[in-house]
file start_16.cif (mmCIF, C-alpha atoms and all ligand atoms)
data_coords
#
loop_
_atom_site.label_atom_id
_atom_site.label_comp_id
_atom_site.auth_asym_id
_atom_site.auth_seq_id
_atom_site.Cartn_x
_atom_site.Cartn_y
_atom_site.Cartn_z
CA MET A 1 15.32 -11.69 21.81
CA THR A 2 12.53 -10.85 19.39
CA HIS A 3 10.09 -8.03 20.16
CA LEU A 4 7.16 -6.77 18.10
CA ILE A 5 6.33 -3.19 17.13
CA ARG A 6 2.64 -2.62 16.42
CA ALA A 7 2.76 -1.10 12.94
CA GLU A 8 1.23 -0.87 9.51
CA PRO A 9 0.88 -2.72 7.21
CA TYR A 10 1.69 -5.42 9.81
CA ASP A 11 3.58 -5.73 13.08
CA LEU A 12 7.36 -5.62 12.77
CA PRO A 13 9.42 -8.24 14.65
CA PHE A 14 12.75 -6.82 15.78
CA ASP A 15 15.67 -7.49 18.10
CA PRO A 16 16.60 -4.37 20.11
CA ALA A 17 20.26 -5.42 19.97
CA SER A 18 20.25 -5.04 16.18
CA THR A 19 18.03 -1.95 16.04
CA ALA A 20 19.14 1.69 15.74
CA LEU A 21 17.40 5.05 15.92
CA LEU A 22 18.36 7.21 12.94
CA ILE A 23 17.44 10.88 13.31
CA ILE A 24 17.53 12.73 10.02
CA ASP A 25 18.58 16.39 9.67
CA MET A 26 17.00 17.91 12.79
CA GLN A 27 19.16 20.96 12.09
CA ARG A 28 18.61 24.63 12.79
CA ASP A 29 18.89 25.21 9.01
CA PHE A 30 15.59 23.37 8.47
CA ILE A 31 13.72 24.11 11.69
CA GLU A 32 14.62 27.67 12.68
CA PRO A 33 13.97 30.90 10.76
CA GLY A 34 16.73 32.27 8.52
CA GLY A 35 18.17 28.94 7.33
CA PHE A 36 18.00 26.74 4.27
CA GLY A 37 14.36 25.72 4.75
CA ALA A 38 13.23 29.32 5.03
CA MET A 39 15.42 30.25 2.06
CA LEU A 40 13.43 27.82 -0.05
CA GLY A 41 10.24 29.69 0.87
CA ASN A 42 8.92 27.35 3.56
CA ASP A 43 7.08 27.95 6.86
CA VAL A 44 9.67 26.30 9.10
CA SER A 45 7.39 26.28 12.17
CA LEU A 46 5.55 23.28 10.64
CA LEU A 47 8.51 21.02 11.44
CA ARG A 48 8.51 21.68 15.18
CA ARG A 49 5.71 19.19 15.84
CA ALA A 50 8.20 16.32 15.45
CA ILE A 51 10.59 17.57 18.17
CA ASP A 52 8.80 16.30 21.30
CA PRO A 53 7.94 12.83 19.91
CA ILE A 54 11.53 12.39 18.66
CA HIS A 55 12.81 13.50 22.06
CA ALA A 56 10.65 10.85 23.76
CA LEU A 57 11.98 8.15 21.44
CA LEU A 58 15.57 9.38 21.80
CA SER A 59 15.26 9.22 25.60
CA ALA A 60 13.88 5.66 25.40
CA PHE A 61 16.72 4.51 23.13
CA ARG A 62 19.33 6.13 25.35
CA LYS A 63 17.80 4.63 28.48
CA ALA A 64 17.81 1.17 26.88
CA GLY A 65 21.45 1.62 25.81
CA LEU A 66 20.59 1.22 22.11
CA LEU A 67 22.40 2.77 19.17
CA VAL A 68 21.40 6.30 18.14
CA LEU A 69 22.73 8.04 15.03
CA HIS A 70 22.14 11.56 13.72
CA THR A 71 22.53 12.98 10.23
CA ARG A 72 23.13 16.50 8.97
CA GLU A 73 22.74 17.75 5.41
CA GLY A 74 25.42 20.24 4.46
CA HIS A 75 28.49 21.12 2.49
CA ARG A 76 32.17 22.00 2.63
CA PRO A 77 32.93 25.71 3.04
CA ASP A 78 34.52 25.81 -0.43
CA LEU A 79 31.28 24.39 -1.94
CA SER A 80 33.29 21.74 -3.80
CA ASP A 81 30.75 19.04 -2.87
CA VAL A 82 27.64 20.91 -4.01
CA PRO A 83 26.30 19.84 -7.39
CA PRO A 84 25.77 22.97 -9.54
CA SER A 85 22.12 21.95 -9.98
CA LYS A 86 21.60 22.06 -6.19
CA LEU A 87 23.41 25.40 -5.86
CA ALA A 88 21.20 26.96 -8.52
CA ARG A 89 17.94 25.74 -6.95
CA GLY A 90 15.56 28.00 -5.03
CA LYS A 91 14.05 31.33 -5.93
CA GLY A 92 14.99 33.31 -2.81
CA GLU A 93 17.53 36.11 -2.53
CA THR A 94 20.07 33.82 -0.85
CA LYS A 95 21.55 30.46 -1.79
CA ILE A 96 23.72 27.71 -0.26
CA GLY A 97 26.92 29.27 1.09
CA ASP A 98 25.52 32.78 1.46
CA ILE A 99 25.59 34.44 4.87
CA GLY A 100 22.37 34.30 6.90
CA PRO A 101 21.42 34.98 10.51
CA MET A 102 22.81 31.55 11.58
CA GLY A 103 26.00 31.79 9.51
CA ARG A 104 26.60 30.50 5.99
CA ILE A 105 23.57 28.56 4.79
CA LEU A 106 23.91 24.75 4.81
CA ILE A 107 27.67 24.88 5.42
CA ARG A 108 29.40 22.49 7.83
CA GLY A 109 30.66 24.16 10.99
CA GLU A 110 28.15 27.02 10.87
CA ALA A 111 25.56 27.49 13.63
CA GLY A 112 22.64 26.84 11.28
CA HIS A 113 24.11 23.52 10.15
CA ASP A 114 24.13 22.11 13.66
CA ILE A 115 21.44 19.98 15.29
CA ILE A 116 18.79 21.80 17.33
CA PRO A 117 19.58 21.97 21.08
CA GLU A 118 16.48 19.93 22.02
CA LEU A 119 17.86 16.84 20.21
CA TYR A 120 21.59 17.48 20.48
CA PRO A 121 23.75 14.35 20.06
CA LYS A 122 25.48 12.91 23.11
CA ALA A 123 29.14 11.88 23.03
CA GLY A 124 29.46 8.50 21.33
CA GLU A 125 26.40 8.90 19.09
CA PRO A 126 27.62 8.91 15.47
CA VAL A 127 26.83 12.04 13.46
CA ILE A 128 26.76 11.45 9.72
CA ASP A 129 27.46 14.47 7.53
CA LYS A 130 25.88 14.04 4.12
CA PRO A 131 25.95 16.21 1.02
CA GLY A 132 22.64 14.93 -0.36
CA LYS A 133 19.11 14.02 0.60
CA GLY A 134 19.84 10.33 1.20
CA SER A 135 21.96 9.36 4.21
CA PHE A 136 23.85 6.58 2.38
CA CYS A 137 25.04 8.61 -0.62
CA GLN A 138 28.74 9.56 -0.16
CA THR A 139 28.77 8.72 3.59
CA ASP A 140 30.07 5.95 5.87
CA LEU A 141 26.63 5.21 7.35
CA GLU A 142 26.31 1.72 5.82
CA LEU A 143 29.77 0.74 7.09
CA ILE A 144 28.94 1.92 10.62
CA LEU A 145 25.57 0.10 10.65
CA LYS A 146 27.11 -3.14 9.34
CA ASN A 147 29.94 -2.95 11.88
CA ARG A 148 27.40 -2.55 14.67
CA GLY A 149 25.27 -5.46 13.40
CA VAL A 150 22.21 -3.29 12.72
CA ARG A 151 19.31 -4.83 10.79
CA THR A 152 16.37 -2.62 11.79
CA LEU A 153 16.21 1.17 11.58
CA ILE A 154 13.70 3.45 13.26
CA VAL A 155 13.89 6.51 11.02
CA CYS A 156 12.79 9.94 12.28
CA GLY A 157 13.36 13.53 11.21
CA VAL A 158 12.75 15.99 8.44
CA THR A 159 11.42 16.23 5.90
CA THR A 160 9.22 13.20 5.49
CA GLU A 161 9.05 13.19 1.71
CA VAL A 162 12.60 14.37 1.05
CA CYS A 163 15.47 13.22 3.31
CA VAL A 164 13.50 10.70 5.39
CA HIS A 165 12.00 9.07 2.29
CA THR A 166 15.27 9.03 0.35
CA THR A 167 17.08 7.49 3.31
CA VAL A 168 14.40 4.83 3.87
CA ARG A 169 14.48 3.90 0.19
CA GLU A 170 18.30 3.67 0.21
CA ALA A 171 18.26 1.61 3.43
CA ASN A 172 15.57 -0.76 2.17
CA ASP A 173 17.58 -1.51 -0.96
CA ARG A 174 20.60 -2.30 1.24
CA GLY A 175 18.61 -4.88 3.21
CA PHE A 176 17.71 -2.88 6.31
CA GLU A 177 14.17 -3.04 7.68
CA CYS A 178 12.89 0.51 8.19
CA LEU A 179 10.05 1.82 10.32
CA VAL A 180 8.98 5.47 10.40
CA PRO A 181 7.01 6.65 13.47
CA SER A 182 4.46 9.04 11.95
CA ASP A 183 4.67 11.66 14.72
CA CYS A 184 8.49 11.69 14.57
CA ALA A 185 8.68 13.03 11.00
CA ALA A 186 7.38 16.27 9.55
CA SER A 187 7.15 18.18 6.30
CA TYR A 188 6.66 21.78 5.21
CA PHE A 189 3.66 20.29 3.36
CA PRO A 190 1.35 18.33 5.70
CA GLU A 191 -0.31 16.61 2.74
CA PHE A 192 3.09 15.40 1.49
CA HIS A 193 3.82 14.01 4.97
CA GLU A 194 0.60 11.97 4.95
CA THR A 195 1.09 10.75 1.39
CA ALA A 196 4.76 9.90 1.95
CA LEU A 197 3.83 7.70 4.91
CA ARG A 198 1.12 5.99 2.86
CA MET A 199 3.67 5.32 0.11
CA ILE A 200 6.04 3.55 2.52
CA LYS A 201 3.44 1.14 3.88
CA ALA A 202 1.41 0.55 0.68
CA GLN A 203 1.68 -2.66 -1.32
CA GLY A 204 2.35 -4.80 1.76
CA GLY A 205 5.05 -2.41 3.03
CA ILE A 206 6.81 -1.86 -0.28
CA PHE A 207 9.82 -0.25 1.41
CA GLY A 208 8.97 -0.10 5.09
CA TRP A 209 6.63 0.12 8.05
CA VAL A 210 4.78 3.03 9.70
CA SER A 211 3.96 3.26 13.40
CA ASP A 212 4.21 6.01 16.05
CA SER A 213 6.48 6.93 18.96
CA ALA A 214 4.21 5.48 21.66
CA ARG A 215 4.04 2.08 19.97
CA VAL A 216 7.81 1.96 19.41
CA ILE A 217 8.50 2.91 23.04
CA ALA A 218 6.01 0.28 24.24
CA ALA A 219 7.81 -2.36 22.16
CA LEU A 220 11.18 -1.49 23.71
CA GLY A 221 9.87 -2.08 27.23
N1 LIG A 301 13.49 20.98 1.39
C1 LIG A 301 13.15 19.87 2.05
O1 LIG A 301 11.98 19.54 2.20
N2 LIG A 301 14.11 19.06 2.57
C2 LIG A 301 15.46 19.18 2.36
O2 LIG A 301 15.96 19.97 1.58
N3 LIG A 301 16.26 18.37 3.13
C3 LIG A 301 15.77 17.45 4.06
O3 LIG A 301 14.68 16.92 3.92
N4 LIG A 301 16.52 17.22 5.13
#
call {"tool": "encode", "arguments": {"input": "start_16.cif", "output": "structure tokens"}}
result
Amino acid sequence: MTHLIRAEPYDLPFDPASTALLIIDMQRDFIEPGGFGAMLGNDVSLLRRAIDPIHALLSAFRKAGLLVLHTREGHRPDLSDVPPSKLARGKGETKIGDIGPMGRILIRGEAGHDIIPELYPKAGEPVIDKPGKGSFCQTDLELILKNRGVRTLIVCGVTTEVCVHTTVREANDRGFECLVPSDCAASYFPEFHETALRMIKAQGGIFGWVSDSARVIAALG
């Protein structure tokens, strides 16, 4: 059954049965003080604005019985999957793997690496652990989406111009149709958020669509 999401640059036809909600990196390490985001010198409070809209969308997907997936950026405790260039980045006193108030920064299994309680995954919702910014690089995400017959992705999370953008670009090149609800993504740089969304929908939707949580929820109904 085909539905329509009101969106820019034009409305997106979709079938709920082949649509998934993909929530990118809503982790304590990016959103709460003392984690990776703060280590990079950012005001992490700027990302909180996406929590309530994502929660509304998450509830709608769960209620409709549709597929929800979550991603987390992070690394093995022995740091063997961190490129040296990534380890060296940042000008703060701490780096990936160092001990912070939420445990070792950006390390799998640590408190800071986990998803914030407000958006915590439910049993049965796949959680994709990824070492990079994109969700397809060195993960089994594509295999899971293909096995579930997914064609359309509603992509939320943080940050708009880094992990959300990279994931949408990767997904688009793999043949998935991607829509980003503007209120369900956030950046440490509000101007980057706005520009990143404009980049997605420019040129006739060069690699995706932009809408908002209310319009996506309305389309599911
Ligand atoms: N620093 C920043 O804006 N983002 C990241 O490092 N990762 C994600 O976007 N998840």
call {"tool": "residues_near_point", "arguments": {"input": "start_16.cif", "point": "(16.0, 0.0, 5.7)", "cutoff": "12 Å", "atoms": "all atoms listed in the file", "output": "VMD selection string"}}
result
chain A and resid 19 to 22 134 to 136 141 to 142 145 150 to 155 164 to 180 200 205 to 209
call {"tool": "atom_distance", "arguments": {"input": "start_16.cif", "atom1": "atom CA of Leu4 of chain A", "atom2": "atom CA of Leu57 of chain A"}}
result
16.0 Å
call {"tool": "closest_residue", "arguments": {"input": "start_16.cif", "among": "A:Lys133, A:Lys146, A:Arg76, A:Arg28", "to": "ligand LIG 301 (chain A)", "atoms": "all atoms listed in the file"}}
result
A:Lys133
call {"tool": "residues_near_ligand", "arguments": {"input": "start_16.cif", "ligand": "ligand LIG 301 (chain A)", "cutoff": "9 Å", "atoms": "only C-alpha atoms and all ligand atoms", "output": "JSON, numbers by chain"}}
result
{"A": [24, 25, 26, 27, 30, 36, 37, 40, 42, 71, 72, 73, 132, 133, 134, 157, 158, 159, 160, 161, 162, 163, 164, 165, 166, 187, 188, 189]}
call {"tool": "atom_distance", "arguments": {"input": "start_16.cif", "atom1": "atom CA of Arg104 of chain A", "atom2": "atom CA of Pro117 of chain A"}}
result
18.7 Å
call {"tool": "closest_residue", "arguments": {"input": "start_16.cif", "among": "A:Met102, A:Cys137, A:Leu119, A:Ala64", "to": "Asp29 of chain A", "atoms": "only C-alpha atoms"}}
result
A:Met102
call {"tool": "atom_distance", "arguments": {"input": "start_16.cif", "atom1": "atom CA of Pro101 of chain A", "atom2": "atom CA of Ile51 of chain A"}}
result
21.9 Å
call {"tool": "closest_residue", "arguments": {"input": "start_16.cif", "among": "A:Arg148, A:Leu87, A:Leu46, A:Lys95", "to": "Glu191 of chain A", "atoms": "all atoms listed in the file"}}
result
A:Leu46
call {"tool": "residues_around", "arguments": {"input": "start_16.cif", "residues": "Arg62 of chain A", "least_positions_apart": "4", "cutoff": "12 Å", "atoms": "all atoms listed in the file", "output": "number ranges by chain"}}
result
A: 20-21, 55-58, 66-69, 119, 121-125, 217, 220
call {"tool": "write_last_selection", "arguments": {"input": "start_16.cif", "atoms": "C-alpha atoms", "output": "short mmCIF file (atom, residue, chain, number, x, y, z; two decimals), in the coordinates of the input"}}
result
data_model
loop_
_atom_site.label_atom_id
_atom_site.label_comp_id
_atom_site.auth_asym_id
_atom_site.auth_seq_id
_atom_site.Cartn_x
_atom_site.Cartn_y
_atom_site.Cartn_z
CA ALA A 20 19.14 1.69 15.74
CA LEU A 21 17.40 5.05 15.92
CA HIS A 55 12.81 13.50 22.06
CA ALA A 56 10.65 10.85 23.76
CA LEU A 57 11.98 8.15 21.44
CA LEU A 58 15.57 9.38 21.80
CA LEU A 66 20.59 1.22 22.11
CA LEU A 67 22.40 2.77 19.17
CA VAL A 68 21.40 6.30 18.14
CA LEU A 69 22.73 8.04 15.03
CA LEU A 119 17.86 16.84 20.21
CA PRO A 121 23.75 14.35 20.06
CA LYS A 122 25.48 12.91 23.11
CA ALA A 123 29.14 11.88 23.03
CA GLY A 124 29.46 8.50 21.33
CA GLU A 125 26.40 8.90 19.09
CA ILE A 217 8.50 2.91 23.04
CA LEU A 220 11.18 -1.49 23.71
#
call {"tool": "closest_residue", "arguments": {"input": "start_16.cif", "among": "A:Gly204, A:Ile23, A:Gly34, A:Ser85", "to": "Gly103 of chain A", "atoms": "all atoms listed in the file"}}
result
A:Gly34
call {"tool": "axis_aligned_box", "arguments": {"input": "start_16.cif", "around": "segment 112-128 of chain A", "padding_each_side": "5 Å", "output": "AutoDock Vina command-line options"}}
result
--center_x 23.0 --center_y 17.7 --center_z 16.4 --size_x 23.0 --size_y 28.3 --size_z 23.4
call {"tool": "closest_residue", "arguments": {"input": "start_16.cif", "among": "A:Ala38, A:Leu106, A:Ile31, A:Cys156", "to": "Leu79 of chain A", "atoms": "all atoms listed in the file"}}
result
A:Leu106
call {"tool": "residues_around", "arguments": {"input": "start_16.cif", "residues": "Gly109 of chain A", "least_positions_apart": "4", "cutoff": "9 Å", "atoms": "only C-alpha atoms", "output": "NGL selection string"}}
result
:A and (76-77 or 113-114)
call {"tool": "closest_residue", "arguments": {"input": "start_16.cif", "among": "A:Gly65, A:Pro181, A:Gly221, A:Pro131", "to": "Ser80 of chain A", "atoms": "all atoms listed in the file"}}
result
A:Pro131
call {"tool": "residues_around", "arguments": {"input": "start_16.cif", "residues": "Thr2 of chain A", "least_positions_apart": "5", "cutoff": "9 Å", "atoms": "only C-alpha atoms", "output": "list in words"}}
result
Pro13, Phe14, Asp15 and Pro16 of chain A
